[in-house]
>>> print(open('final.cif').read())   # mmCIF, C-alpha atoms
data_entry
#
loop_
_atom_site.label_atom_id
_atom_site.label_comp_id
_atom_site.auth_asym_id
_atom_site.auth_seq_id
_atom_site.Cartn_x
_atom_site.Cartn_y
_atom_site.Cartn_z
CA MET A 1 -23.58 -8.39 13.98
CA LEU A 2 -20.24 -6.71 14.56
CA LYS A 3 -20.10 -5.29 18.08
CA LYS A 4 -18.90 -1.85 19.12
CA ARG A 5 -15.69 -2.24 21.10
CA ILE A 6 -15.04 -0.88 24.59
CA ILE A 7 -11.30 -0.44 24.97
CA PRO A 8 -9.63 0.45 28.25
CA CYS A 9 -6.26 2.11 27.75
CA LEU A 10 -3.39 1.68 30.16
CA ASP A 11 -0.67 4.31 30.04
CA ILE A 12 2.56 2.66 31.18
CA LYS A 13 5.52 4.40 32.76
CA ASP A 14 8.42 2.34 34.10
CA GLY A 15 6.22 -0.76 34.30
CA ARG A 16 3.32 0.92 36.17
CA THR A 17 -0.03 2.19 34.96
CA VAL A 18 -0.32 5.97 35.14
CA LYS A 19 -2.81 8.59 34.05
CA GLY A 20 -2.54 12.33 33.43
CA ILE A 21 -4.97 15.09 32.55
CA ASN A 22 -4.53 16.82 29.17
CA PHE A 23 -1.31 14.81 28.79
CA GLN A 24 0.07 16.40 32.04
CA ASP A 25 0.12 15.67 35.82
CA ILE A 26 0.95 11.96 35.74
CA ARG A 27 -0.55 9.87 38.60
CA ASP A 28 0.06 6.21 39.53
CA ALA A 29 -2.89 3.90 38.71
CA GLY A 30 -1.66 0.40 39.56
CA ASP A 31 -0.08 -2.76 38.20
CA PRO A 32 -0.81 -3.15 34.46
CA VAL A 33 -1.08 -6.95 34.45
CA GLU A 34 -3.54 -6.96 37.38
CA LEU A 35 -5.59 -4.21 35.77
CA ALA A 36 -5.56 -6.04 32.44
CA ILE A 37 -6.88 -9.22 34.05
CA ARG A 38 -9.60 -7.23 35.81
CA TYR A 39 -10.68 -5.63 32.54
CA VAL A 40 -10.87 -8.97 30.74
CA GLU A 41 -13.04 -10.39 33.52
CA GLU A 42 -15.29 -7.33 33.34
CA GLY A 43 -15.84 -7.77 29.60
CA ALA A 44 -13.42 -5.34 27.94
CA ASP A 45 -13.27 -6.09 24.22
CA GLU A 46 -9.66 -5.14 23.63
CA LEU A 47 -6.87 -3.36 25.51
CA VAL A 48 -4.34 -0.72 24.56
CA PHE A 49 -1.04 -0.24 26.41
CA LEU A 50 0.80 3.00 25.73
CA ASP A 51 4.34 3.21 27.01
CA ILE A 52 4.71 6.89 27.81
CA THR A 53 8.30 6.65 28.97
CA ALA A 54 9.25 5.16 25.64
CA THR A 55 12.97 5.70 25.61
CA SER A 56 15.07 3.12 23.86
CA ASP A 57 16.77 1.93 27.05
CA ASN A 58 13.55 0.60 28.62
CA ARG A 59 12.61 -1.60 25.63
CA SER A 60 13.45 -4.78 27.53
CA THR A 61 11.20 -3.73 30.45
CA LEU A 62 8.37 -3.17 27.99
CA THR A 63 8.99 -6.47 26.18
CA GLU A 64 8.92 -8.33 29.48
CA LEU A 65 5.66 -6.61 30.44
CA VAL A 66 4.11 -7.50 27.06
CA LYS A 67 5.04 -11.15 27.62
CA GLN A 68 3.39 -11.10 31.04
CA ILE A 69 0.24 -9.49 29.66
CA SER A 70 0.08 -11.99 26.82
CA LYS A 71 0.37 -14.89 29.25
CA ASN A 72 -2.43 -13.57 31.42
CA ILE A 73 -5.14 -12.39 29.07
CA ASN A 74 -7.03 -13.90 26.13
CA ILE A 75 -8.41 -10.87 24.33
CA PRO A 76 -6.55 -8.77 21.76
CA PHE A 77 -4.22 -6.03 22.87
CA ALA A 78 -2.16 -3.32 21.23
CA VAL A 79 1.08 -1.75 22.39
CA GLY A 80 2.24 1.74 21.53
CA GLY A 81 4.62 4.45 22.63
CA GLY A 82 7.93 5.24 21.00
CA ILE A 83 7.63 2.57 18.32
CA LYS A 84 9.62 3.77 15.35
CA SER A 85 11.11 0.86 13.44
CA ASN A 86 10.54 -2.55 11.99
CA GLU A 87 12.65 -3.95 14.80
CA ASP A 88 10.55 -2.28 17.53
CA VAL A 89 7.38 -3.74 16.01
CA SER A 90 8.88 -7.18 15.65
CA LEU A 91 9.95 -7.22 19.32
CA VAL A 92 6.52 -6.26 20.60
CA LEU A 93 4.60 -8.64 18.31
CA HIS A 94 6.88 -11.54 19.13
CA ALA A 95 6.38 -10.83 22.82
CA GLY A 96 2.70 -11.53 22.25
CA ALA A 97 1.03 -8.22 21.31
CA ASP A 98 -1.60 -8.42 18.56
CA LYS A 99 -1.16 -4.90 17.28
CA VAL A 100 1.16 -1.97 17.55
CA SER A 101 0.22 1.66 17.64
CA ILE A 102 2.52 4.17 15.99
CA ASN A 103 2.22 7.91 16.25
CA SER A 104 5.13 10.37 15.93
CA ALA A 105 7.27 7.99 13.86
CA ALA A 106 4.51 7.74 11.25
CA VAL A 107 4.35 11.51 10.94
CA TYR A 108 8.12 11.90 10.62
CA LYS A 109 8.43 8.95 8.24
CA PRO A 110 5.08 8.11 6.60
CA GLU A 111 6.60 5.32 4.49
CA LEU A 112 7.14 3.44 7.76
CA ILE A 113 3.39 2.69 7.74
CA SER A 114 3.67 0.91 4.37
CA GLU A 115 6.81 -0.90 5.40
CA LEU A 116 5.18 -2.20 8.58
CA ALA A 117 1.94 -3.10 6.79
CA ASP A 118 3.92 -5.09 4.20
CA ASN A 119 6.00 -6.88 6.80
CA PHE A 120 3.42 -7.60 9.49
CA GLY A 121 0.02 -7.08 7.81
CA SER A 122 -2.19 -3.98 7.92
CA GLN A 123 -4.40 -5.51 10.58
CA CYS A 124 -1.75 -5.12 13.26
CA ILE A 125 -0.81 -1.53 12.44
CA ILE A 126 -2.77 1.13 14.33
CA VAL A 127 -1.90 4.72 13.58
CA ALA A 128 -2.61 6.94 16.57
CA ILE A 129 -3.51 10.54 15.82
CA ASP A 130 -3.43 13.17 18.57
CA ALA A 131 -5.65 16.05 17.48
CA LYS A 132 -5.94 19.58 18.84
CA TYR A 133 -8.32 22.30 17.71
CA VAL A 134 -6.22 25.28 16.67
CA GLY A 135 -7.41 28.34 14.76
CA GLY A 136 -10.62 26.68 13.59
CA GLU A 137 -8.96 23.45 12.44
CA TRP A 138 -8.06 20.05 13.85
CA ILE A 139 -4.27 19.77 13.74
CA VAL A 140 -2.06 16.70 14.31
CA TYR A 141 0.28 16.86 17.31
CA VAL A 142 3.19 14.49 18.00
CA SER A 143 5.67 13.65 20.77
CA GLY A 144 3.02 13.00 23.41
CA GLY A 145 1.10 16.11 22.40
CA GLN A 146 4.02 18.48 22.81
CA THR A 147 4.82 19.23 19.18
CA LYS A 148 2.49 20.81 16.66
CA THR A 149 2.74 19.65 13.06
CA ALA A 150 1.53 21.26 9.85
CA LEU A 151 -0.86 18.35 9.18
CA LYS A 152 -4.63 18.65 9.23
CA VAL A 153 -6.20 15.64 10.92
CA ILE A 154 -8.55 14.70 8.05
CA ASP A 155 -5.77 14.89 5.45
CA TRP A 156 -3.45 12.83 7.60
CA ALA A 157 -6.13 10.21 8.33
CA LYS A 158 -6.78 9.73 4.60
CA ARG A 159 -3.07 9.53 3.85
CA VAL A 160 -2.55 6.98 6.60
CA GLU A 161 -5.29 4.81 5.11
CA THR A 162 -3.65 4.95 1.67
CA LEU A 163 -0.31 4.00 3.19
CA GLY A 164 -1.76 0.78 4.59
CA ALA A 165 -2.74 1.33 8.23
CA GLY A 166 -5.34 -1.12 9.56
CA GLU A 167 -6.98 1.08 12.17
CA LEU A 168 -6.97 4.63 13.55
CA LEU A 169 -6.83 5.62 17.19
CA LEU A 170 -8.10 9.18 17.25
CA THR A 171 -7.51 11.18 20.43
CA SER A 172 -8.83 14.64 21.05
CA MET A 173 -6.18 16.32 23.19
CA ASP A 174 -8.67 19.02 24.10
CA SER A 175 -11.04 16.47 25.64
CA ASP A 176 -8.50 13.99 27.02
CA GLY A 177 -8.91 13.56 30.78
CA THR A 178 -11.68 16.17 31.04
CA LYS A 179 -14.62 13.73 31.26
CA SER A 180 -16.64 16.16 29.16
CA GLY A 181 -17.44 13.71 26.36
CA PHE A 182 -15.81 12.44 23.18
CA GLU A 183 -15.16 15.05 20.49
CA ILE A 184 -18.15 14.13 18.34
CA ASP A 185 -17.53 16.43 15.36
CA LEU A 186 -13.91 15.39 14.99
CA THR A 187 -14.72 11.70 15.37
CA ALA A 188 -17.64 11.89 12.93
CA GLN A 189 -15.54 13.70 10.33
CA VAL A 190 -12.60 11.31 10.52
CA SER A 191 -14.62 8.10 10.78
CA SER A 192 -16.65 8.98 7.70
CA ALA A 193 -13.60 10.16 5.74
CA VAL A 194 -11.83 6.78 5.92
CA ASN A 195 -12.98 3.19 5.48
CA LEU A 196 -10.82 1.97 8.37
CA PRO A 197 -12.06 1.14 11.85
CA VAL A 198 -11.71 4.25 14.02
CA ILE A 199 -11.34 4.17 17.79
CA ALA A 200 -12.58 7.34 19.48
CA SER A 201 -10.52 8.51 22.43
CA GLY A 202 -10.39 11.39 24.87
CA GLY A 203 -13.10 12.79 27.10
CA ALA A 204 -15.23 9.82 28.20
CA GLY A 205 -16.86 10.64 31.54
CA THR A 206 -20.35 9.14 31.53
CA LEU A 207 -22.27 6.18 30.10
CA HIS A 208 -24.08 8.60 27.82
CA HIS A 209 -20.81 9.75 26.23
CA PHE A 210 -20.25 6.24 24.83
CA LYS A 211 -23.82 6.05 23.49
CA GLU A 212 -23.35 9.44 21.89
CA VAL A 213 -20.12 8.56 20.10
CA PHE A 214 -21.51 5.27 18.76
CA GLU A 215 -24.80 6.85 17.65
CA GLN A 216 -23.42 10.01 16.12
CA THR A 217 -20.20 8.81 14.49
CA GLU A 218 -18.94 5.78 12.58
CA ALA A 219 -16.39 4.94 15.28
CA THR A 220 -16.34 1.19 15.90
CA GLY A 221 -14.51 1.41 19.20
CA ALA A 222 -14.29 3.80 22.12
CA LEU A 223 -11.27 4.06 24.37
CA ALA A 224 -10.97 5.43 27.88
CA ALA A 225 -8.50 5.23 30.73
CA SER A 226 -9.13 7.00 34.03
CA ILE A 227 -12.85 6.32 34.31
CA PHE A 228 -12.12 2.59 34.13
CA HIS A 229 -8.98 2.70 36.30
CA TYR A 230 -10.67 4.53 39.13
CA GLN A 231 -13.93 2.61 38.62
CA ASP A 232 -16.04 5.69 37.96
CA ILE A 233 -17.65 3.49 35.33
CA ALA A 234 -17.72 -0.31 35.56
CA ILE A 235 -17.46 -2.02 32.17
CA PRO A 236 -20.42 -4.39 32.82
CA ASP A 237 -22.65 -1.38 33.66
CA LEU A 238 -21.49 0.36 30.50
CA LYS A 239 -22.17 -2.72 28.36
CA GLN A 240 -25.63 -3.15 29.88
CA TYR A 241 -26.44 0.53 29.34
CA LEU A 242 -25.37 0.36 25.69
CA TYR A 243 -27.25 -2.91 25.18
CA ASN A 244 -30.42 -1.38 26.69
CA ASN A 245 -29.96 1.54 24.32
CA LYS A 246 -29.90 -0.74 21.26
CA ILE A 247 -26.18 -0.40 20.63
CA SER A 248 -24.65 -3.67 19.57
CA VAL A 249 -22.13 -4.79 22.21
CA ARG A 250 -20.67 -8.05 23.46
CA TRP A 251 -22.76 -8.39 26.61
CA LYS A 252 -24.11 -11.38 28.47
CA MET B 1 2.22 -32.72 22.08
CA ILE B 2 0.58 -30.00 20.01
CA ALA B 3 2.70 -28.73 17.11
CA ILE B 4 2.28 -25.06 16.23
CA ILE B 5 3.70 -24.49 12.78
CA ASN B 6 6.24 -21.68 12.70
CA TYR B 7 6.19 -19.85 9.41
CA ASN B 8 7.52 -16.47 10.48
CA ALA B 9 4.00 -15.15 11.01
CA GLY B 10 3.25 -12.81 13.87
CA ASN B 11 1.93 -13.64 17.30
CA ILE B 12 2.45 -17.35 17.64
CA LEU B 13 3.01 -16.83 21.36
CA SER B 14 -0.64 -16.14 22.13
CA VAL B 15 -1.61 -19.44 20.51
CA SER B 16 0.91 -21.38 22.58
CA ASN B 17 -0.15 -19.50 25.72
CA ALA B 18 -3.77 -20.47 25.07
CA ILE B 19 -2.84 -24.14 24.50
CA ASN B 20 -0.70 -24.21 27.62
CA SER B 21 -3.41 -22.63 29.75
CA LEU B 22 -5.70 -25.53 28.79
CA GLY B 23 -3.12 -27.94 30.20
CA TYR B 24 -1.53 -29.14 26.94
CA GLU B 25 2.09 -29.00 25.93
CA SER B 26 2.96 -27.29 22.69
CA ILE B 27 6.00 -26.83 20.50
CA VAL B 28 6.55 -24.13 17.90
CA THR B 29 8.26 -25.85 14.99
CA ASP B 30 8.80 -26.10 11.25
CA ASP B 31 10.29 -29.59 11.49
CA ILE B 32 8.37 -32.03 9.29
CA ALA B 33 8.80 -35.12 11.48
CA THR B 34 7.73 -33.22 14.61
CA ILE B 35 4.61 -31.99 12.82
CA GLN B 36 3.76 -35.44 11.45
CA ASN B 37 4.14 -37.07 14.85
CA ALA B 38 2.27 -34.45 16.87
CA ASP B 39 -1.10 -35.30 18.46
CA LYS B 40 -2.55 -32.22 16.85
CA VAL B 41 -1.27 -29.48 14.58
CA ILE B 42 -2.10 -25.77 14.53
CA LEU B 43 -1.36 -23.35 11.70
CA PRO B 44 -1.73 -19.95 13.36
CA GLY B 45 -2.86 -16.64 11.89
CA VAL B 46 -1.60 -13.18 11.04
CA GLY B 47 0.54 -12.39 8.02
CA GLU B 48 0.28 -12.10 4.27
CA ALA B 49 -0.82 -15.02 2.06
CA SER B 50 1.82 -15.07 -0.69
CA SER B 51 4.82 -14.70 1.64
CA ALA B 52 3.33 -17.32 3.98
CA MET B 53 2.85 -19.79 1.09
CA ASN B 54 6.37 -19.09 -0.18
CA TYR B 55 7.74 -19.84 3.26
CA LEU B 56 5.73 -23.07 3.58
CA ARG B 57 6.91 -24.20 0.13
CA SER B 58 10.53 -23.34 0.89
CA LYS B 59 10.36 -25.70 3.88
CA ASN B 60 8.36 -28.36 2.00
CA LEU B 61 5.62 -27.82 4.55
CA ASP B 62 2.94 -27.39 1.86
CA LYS B 63 3.07 -31.08 0.90
CA THR B 64 3.48 -32.11 4.53
CA ILE B 65 0.34 -30.27 5.63
CA VAL B 66 -2.00 -31.63 2.96
CA GLY B 67 -0.80 -35.18 3.72
CA LEU B 68 -1.40 -34.97 7.48
CA ARG B 69 -3.86 -37.34 9.15
CA ASN B 70 -3.73 -35.84 12.65
CA PRO B 71 -6.34 -33.26 13.69
CA PHE B 72 -5.36 -29.93 12.20
CA LEU B 73 -6.56 -26.40 13.00
CA GLY B 74 -5.85 -23.38 10.83
CA ILE B 75 -6.46 -19.98 12.41
CA CYS B 76 -7.22 -16.76 10.49
CA LEU B 77 -4.57 -16.67 7.72
CA GLY B 78 -4.17 -20.37 8.53
CA LEU B 79 -7.76 -20.89 7.34
CA GLN B 80 -7.14 -18.92 4.17
CA LEU B 81 -3.98 -20.90 3.34
CA LEU B 82 -6.02 -24.12 3.49
CA CYS B 83 -8.34 -22.87 0.72
CA LYS B 84 -7.68 -23.20 -3.02
CA HIS B 85 -6.69 -19.67 -3.90
CA SER B 86 -6.40 -16.26 -2.24
CA GLU B 87 -6.83 -12.87 -3.89
CA GLU B 88 -4.19 -11.61 -1.46
CA GLY B 89 -1.09 -11.57 -3.66
CA ASP B 90 -2.99 -13.77 -6.21
CA THR B 91 -1.79 -16.82 -4.30
CA GLU B 92 -2.29 -20.51 -5.02
CA CYS B 93 -2.94 -22.04 -1.60
CA LEU B 94 -3.04 -25.57 -0.17
CA GLY B 95 -6.44 -26.57 -1.57
CA VAL B 96 -7.68 -28.63 1.36
CA PHE B 97 -11.00 -26.78 1.39
CA ASP B 98 -12.97 -26.35 -1.80
CA THR B 99 -13.35 -22.58 -1.63
CA LYS B 100 -11.61 -19.34 -2.55
CA VAL B 101 -10.49 -16.35 -0.52
CA ARG B 102 -11.53 -12.87 -1.59
CA LEU B 103 -11.15 -9.28 -0.41
CA PHE B 104 -14.17 -7.72 1.31
CA PRO B 105 -15.79 -5.01 -0.82
CA PRO B 106 -15.50 -1.60 0.90
CA LYS B 107 -19.19 -1.37 1.83
CA LEU B 108 -18.42 -1.31 5.54
CA LYS B 109 -15.16 -0.72 7.40
CA VAL B 110 -12.38 -3.06 6.25
CA PRO B 111 -10.70 -4.89 7.98
CA HIS B 112 -13.61 -6.66 9.65
CA MET B 113 -12.26 -6.03 13.11
CA GLY B 114 -13.84 -6.88 16.42
CA TRP B 115 -16.33 -9.26 18.03
CA ASN B 116 -19.03 -10.85 15.94
CA ASP B 117 -21.55 -13.65 16.44
CA PHE B 118 -22.59 -16.52 14.14
CA VAL B 119 -25.36 -17.19 11.66
CA GLN B 120 -24.94 -20.93 12.16
CA VAL B 121 -22.48 -23.35 13.76
CA GLU B 122 -22.24 -27.13 13.53
CA GLY B 123 -20.05 -30.03 14.51
CA LEU B 124 -17.50 -30.98 17.12
CA LEU B 125 -15.56 -27.72 17.06
CA PHE B 126 -18.66 -25.85 18.24
CA ASN B 127 -19.76 -28.10 21.11
CA SER B 128 -21.39 -25.88 23.78
CA ILE B 129 -21.18 -22.85 21.45
CA GLY B 130 -24.29 -21.06 20.25
CA VAL B 131 -24.96 -18.56 17.47
CA ASP B 132 -25.12 -15.69 19.99
CA ASP B 133 -21.57 -16.27 21.21
CA ASP B 134 -19.09 -13.64 20.03
CA VAL B 135 -15.59 -14.32 18.77
CA TYR B 136 -12.84 -11.93 17.72
CA TYR B 137 -12.07 -11.29 14.07
CA VAL B 138 -9.48 -9.20 12.31
CA HIS B 139 -9.24 -9.78 8.56
CA SER B 140 -9.73 -8.10 5.20
CA PHE B 141 -9.99 -11.30 3.17
CA PHE B 142 -12.64 -13.98 3.67
CA ALA B 143 -13.40 -17.52 2.49
CA ASP B 144 -16.61 -17.94 0.49
CA LEU B 145 -19.28 -20.27 1.80
CA SER B 146 -18.79 -23.83 0.57
CA CYS B 147 -19.77 -27.41 1.33
CA ASP B 148 -16.92 -27.38 3.89
CA THR B 149 -18.38 -24.43 5.85
CA ILE B 150 -19.13 -25.46 9.45
CA ALA B 151 -19.83 -21.97 10.83
CA THR B 152 -21.09 -18.83 9.13
CA CYS B 153 -20.57 -15.19 10.08
CA ASP B 154 -22.23 -12.20 8.44
CA TYR B 155 -20.23 -9.07 7.70
CA ILE B 156 -21.09 -7.21 4.50
CA HIS B 157 -22.30 -10.67 3.39
CA PRO B 158 -22.19 -14.20 4.83
CA PHE B 159 -18.76 -15.88 4.80
CA SER B 160 -17.08 -18.98 6.27
CA ALA B 161 -16.37 -18.34 9.95
CA ALA B 162 -15.05 -21.89 10.11
CA LEU B 163 -14.38 -24.74 7.71
CA GLY B 164 -14.07 -28.45 8.35
CA LYS B 165 -13.27 -31.52 6.26
CA ASP B 166 -11.96 -34.89 7.50
CA ASN B 167 -9.18 -34.12 10.00
CA PHE B 168 -8.89 -30.47 8.90
CA PHE B 169 -10.56 -27.63 10.78
CA ALA B 170 -10.09 -23.91 10.40
CA ALA B 171 -11.38 -20.74 12.03
CA GLN B 172 -11.35 -17.28 10.47
CA PHE B 173 -11.67 -15.76 13.95
CA HIS B 174 -9.01 -15.97 16.63
CA PRO B 175 -10.07 -18.51 19.30
CA GLU B 176 -6.91 -17.68 21.27
CA LYS B 177 -8.15 -14.06 21.51
CA SER B 178 -11.84 -14.76 22.04
CA ALA B 179 -11.96 -14.96 25.84
CA SER B 180 -13.96 -17.88 27.31
CA VAL B 181 -15.82 -18.66 24.05
CA GLY B 182 -12.55 -19.04 22.18
CA GLN B 183 -11.14 -21.14 24.99
CA GLN B 184 -14.10 -23.54 24.67
CA ILE B 185 -13.56 -23.85 20.91
CA LEU B 186 -9.85 -24.59 21.38
CA LYS B 187 -10.74 -27.10 24.08
CA ASN B 188 -13.18 -28.78 21.67
CA PHE B 189 -10.41 -29.07 19.08
CA LEU B 190 -7.87 -30.38 21.56
CA GLU B 191 -10.34 -33.03 22.75
CA ILE B 192 -11.06 -34.39 19.25
#
>>> encode(input="final.cif", output="structure tokens")
Amino acid sequence: MLKKRIIPCLDIKDGRTVKGINFQDIRDAGDPVELAIRYVEEGADELVFLDITATSDNRSTLTELVKQISKNINIPFAVGGGIKSNEDVSLVLHAGADKVSINSAAVYKPELISELADNFGSQCIIVAIDAKYVGGEWIVYVSGGQTKTALKVIDWAKRVETLGAGELLLTSMDSDGTKSGFEIDLTAQVSSAVNLPVIASGGAGTLHHFKEVFEQTEATGALAASIFHYQDIAIPDLKQYLYNNKISVRWK
Amino acid sequence: MIAIINYNAGNILSVSNAINSLGYESIVTDDIATIQNADKVILPGVGEASSAMNYLRSKNLDKTIVGLRNPFLGICLGLQLLCKHSEEGDTECLGVFDTKVRLFPPKLKVPHMGWNDFVQVEGLLFNSIGVDDDVYYVHSFFADLSCDTIATCDYIHPFSAALGKDNFFAAQFHPEKSASVGQQILKNFLEI
């Protein structure tokens, strides 16, 4: 049986892991390669690295980091942050990443999704959607959550699927960093609206939150950052808890 | 020396990293003589079937591969290219394995992405591996069960998780991305 995936996310700034609350107040959280190795040993199913500096002049720093990560871990990992062209994707994949995550660039230029899917295969193209609840609707935000778009999350998710994305990474900006639980309604709506794997993100604070998102939505993965970084929740404990609660996970 | 066939597909590095970490030397190459003289040959995954076949044909690697006698491992797309035909791009493939590659029906999420266990495993490639061991998959197309199936996975319906015939082996999952279980499977192949 296909297992639900537990996915630690590492936000990267200038080669270090960092974490903010509601996309603000960035704090240092350690060396990304060391953290990645720790997560693999603990039983993480996949990793996501988001480069939040993401200016074009630090591409070589990022590429070097991706190479180091690839050398040191043997589970799949995705890299995102500022990826906006065929060339960016090629660099990151050739440095050893399995997938790329694109966000703002996909909104500004939706045909990029098709272009990347054609060139590299859908399975390595994650489209990240940052969602915020505004005026009774879930709206897509870009540029690290700073810029509101006119897109409704459900419409955008369906469009992204048609364009050839392989996976969605759905973050609730309202929940991100709050430890108050995943945004169940949003995740349920999006994961049932598309036939792509959806990774729920934003708000994980307790073991129960993971159970809830897997039981009440069609998300196939759940992503979290700070609770894993600061060891509020240990991945083996989480896996055991989910296993005991009859949720299919990779756990031994 | 382990030859990893370069056909402009993504993420060859993780395969060579995995080989190197097991203490073997590898070379990424599309040179026919190097491939023929290698101890073992790996055709790695990720990419699209028709463009991959076009590339292999343009380098005459299609004929080279089917004529090889050294132990050969196809991974993911590498498995699919070793079958007779793929629905992806309506592609005639290498025909080593007597089966066809089809697109999953959209009954569950497609691609089949993540860790899954086995229905059955057999043979050298799966020494020390049991049906409860999980490996990592990411694919939208699958090879039907056939007389060459040596491991079965169930997603939407049973399909070939691995195929084997003579010196040819292939895995639909990514052993290089499947933590310690994948490492054991690669080790089994390298020790053949």
>>> residues_around(input="final.cif", residues="segment 40-43 of chain B", least_positions_apart="6", cutoff="9 Å", atoms="only C-alpha atoms", output="mmCIF file with C-alpha atoms, keeping the file's coordinate frame")
data_model
loop_
_atom_site.group_PDB
_atom_site.id
_atom_site.type_symbol
_atom_site.label_atom_id
_atom_site.label_comp_id
_atom_site.auth_asym_id
_atom_site.auth_seq_id
_atom_site.Cartn_x
_atom_site.Cartn_y
_atom_site.Cartn_z
ATOM 1 C CA MET B 1 2.220 -32.720 22.080
ATOM 2 C CA ILE B 2 0.580 -30.000 20.010
ATOM 3 C CA ALA B 3 2.700 -28.730 17.110
ATOM 4 C CA ILE B 4 2.280 -25.060 16.230
ATOM 5 C CA ILE B 5 3.700 -24.490 12.780
ATOM 6 C CA ASN B 6 6.240 -21.680 12.700
ATOM 7 C CA TYR B 7 6.190 -19.850 9.410
ATOM 8 C CA VAL B 15 -1.610 -19.440 20.510
ATOM 9 C CA LEU B 68 -1.400 -34.970 7.480
ATOM 10 C CA ASN B 70 -3.730 -35.840 12.650
ATOM 11 C CA PRO B 71 -6.340 -33.260 13.690
ATOM 12 C CA PHE B 72 -5.360 -29.930 12.200
ATOM 13 C CA LEU B 73 -6.560 -26.400 13.000
ATOM 14 C CA GLY B 74 -5.850 -23.380 10.830
ATOM 15 C CA ILE B 75 -6.460 -19.980 12.410
ATOM 16 C CA CYS B 76 -7.220 -16.760 10.490
ATOM 17 C CA LEU B 77 -4.570 -16.670 7.720
ATOM 18 C CA GLY B 78 -4.170 -20.370 8.530
ATOM 19 C CA LEU B 79 -7.760 -20.890 7.340
ATOM 20 C CA ALA B 170 -10.090 -23.910 10.400
ATOM 21 C CA PHE B 189 -10.410 -29.070 19.080
ATOM 22 C CA LEU B 190 -7.870 -30.380 21.560
#
>>> residues_around(input="final.cif", residues="segment 89-105 of chain A", least_positions_apart="3", cutoff="8 Å", atoms="all atoms listed in the file", output="PDB file with C-alpha atoms, in the coordinates of the input")
ATOM      1  CA  THR A  63       8.990  -6.470  26.180  1.00  0.00           C
ATOM      2  CA  GLU A  64       8.920  -8.330  29.480  1.00  0.00           C
ATOM      3  CA  VAL A  66       4.110  -7.500  27.060  1.00  0.00           C
ATOM      4  CA  LYS A  67       5.040 -11.150  27.620  1.00  0.00           C
ATOM      5  CA  SER A  70       0.080 -11.990  26.820  1.00  0.00           C
ATOM      6  CA  PRO A  76      -6.550  -8.770  21.760  1.00  0.00           C
ATOM      7  CA  PHE A  77      -4.220  -6.030  22.870  1.00  0.00           C
ATOM      8  CA  ALA A  78      -2.160  -3.320  21.230  1.00  0.00           C
ATOM      9  CA  VAL A  79       1.080  -1.750  22.390  1.00  0.00           C
ATOM     10  CA  GLY A  80       2.240   1.740  21.530  1.00  0.00           C
ATOM     11  CA  GLY A  81       4.620   4.450  22.630  1.00  0.00           C
ATOM     12  CA  GLY A  82       7.930   5.240  21.000  1.00  0.00           C
ATOM     13  CA  ILE A  83       7.630   2.570  18.320  1.00  0.00           C
ATOM     14  CA  LYS A  84       9.620   3.770  15.350  1.00  0.00           C
ATOM     15  CA  SER A  85      11.110   0.860  13.440  1.00  0.00           C
ATOM     16  CA  ASN A  86      10.540  -2.550  11.990  1.00  0.00           C
ATOM     17  CA  TYR A 108       8.120  11.900  10.620  1.00  0.00           C
ATOM     18  CA  LYS A 109       8.430   8.950   8.240  1.00  0.00           C
ATOM     19  CA  PRO A 110       5.080   8.110   6.600  1.00  0.00           C
ATOM     20  CA  LEU A 112       7.140   3.440   7.760  1.00  0.00           C
ATOM     21  CA  LEU A 116       5.180  -2.200   8.580  1.00  0.00           C
ATOM     22  CA  GLN A 123      -4.400  -5.510  10.580  1.00  0.00           C
ATOM     23  CA  CYS A 124      -1.750  -5.120  13.260  1.00  0.00           C
ATOM     24  CA  ILE A 125      -0.810  -1.530  12.440  1.00  0.00           C
ATOM     25  CA  ILE A 126      -2.770   1.130  14.330  1.00  0.00           C
ATOM     26  CA  VAL A 127      -1.900   4.720  13.580  1.00  0.00           C
ATOM     27  CA  ALA A 128      -2.610   6.940  16.570  1.00  0.00           C
ATOM     28  CA  ILE A 129      -3.510  10.540  15.820  1.00  0.00           C
ATOM     29  CA  VAL A 142       3.190  14.490  18.000  1.00  0.00           C
ATOM     30  CA  SER A 143       5.670  13.650  20.770  1.00  0.00           C
TER      31      SER A 143
ATOM     32  CA  GLY B  10       3.250 -12.810  13.870  1.00  0.00           C
ATOM     33  CA  ASN B  11       1.930 -13.640  17.300  1.00  0.00           C
ATOM     34  CA  ILE B  12       2.450 -17.350  17.640  1.00  0.00           C
ATOM     35  CA  LEU B  13       3.010 -16.830  21.360  1.00  0.00           C
ATOM     36  CA  SER B  14      -0.640 -16.140  22.130  1.00  0.00           C
TER      37      SER B  14
END
>>> closest_atom_pairs(input="final.cif", of="chain B", to="chain A", cutoff="7 Å", atoms="all atoms listed in the file", output="CSV")
residue,atom,partner,partner_atom,distance
B:Gly10,CA,A:Leu93,CA,6.2
B:Asn11,CA,A:Gly96,CA,5.4
B:Leu13,CA,A:Gly96,CA,5.4
B:Ser14,CA,A:Gly96,CA,5.7
B:Asn17,CA,A:Lys71,CA,5.8
B:Gly47,CA,A:Gly121,CA,5.3
B:Glu48,CA,A:Gly121,CA,6.1
B:Lys109,CA,A:Asn195,CA,4.9
B:Val110,CA,A:Leu196,CA,5.7
B:Pro111,CA,A:Gly166,CA,6.7
B:Gly114,CA,A:Leu2,CA,6.7
B:Trp115,CA,A:Lys3,CA,5.5
B:Asn116,CA,A:Leu2,CA,4.5
B:Asp117,CA,A:Met1,CA,6.2
B:Asp134,CA,A:Arg250,CA,6.7
B:Val138,CA,A:Gln123,CA,6.5
B:His139,CA,A:Gln123,CA,6.8
B:Asp154,CA,A:Met1,CA,6.9
B:Glu176,CA,A:Asn74,CA,6.2
B:Lys177,CA,A:Ile75,CA,4.3
B:Ser178,CA,A:Ile75,CA,5.7
B:Ala179,CA,A:Asn74,CA,5.1
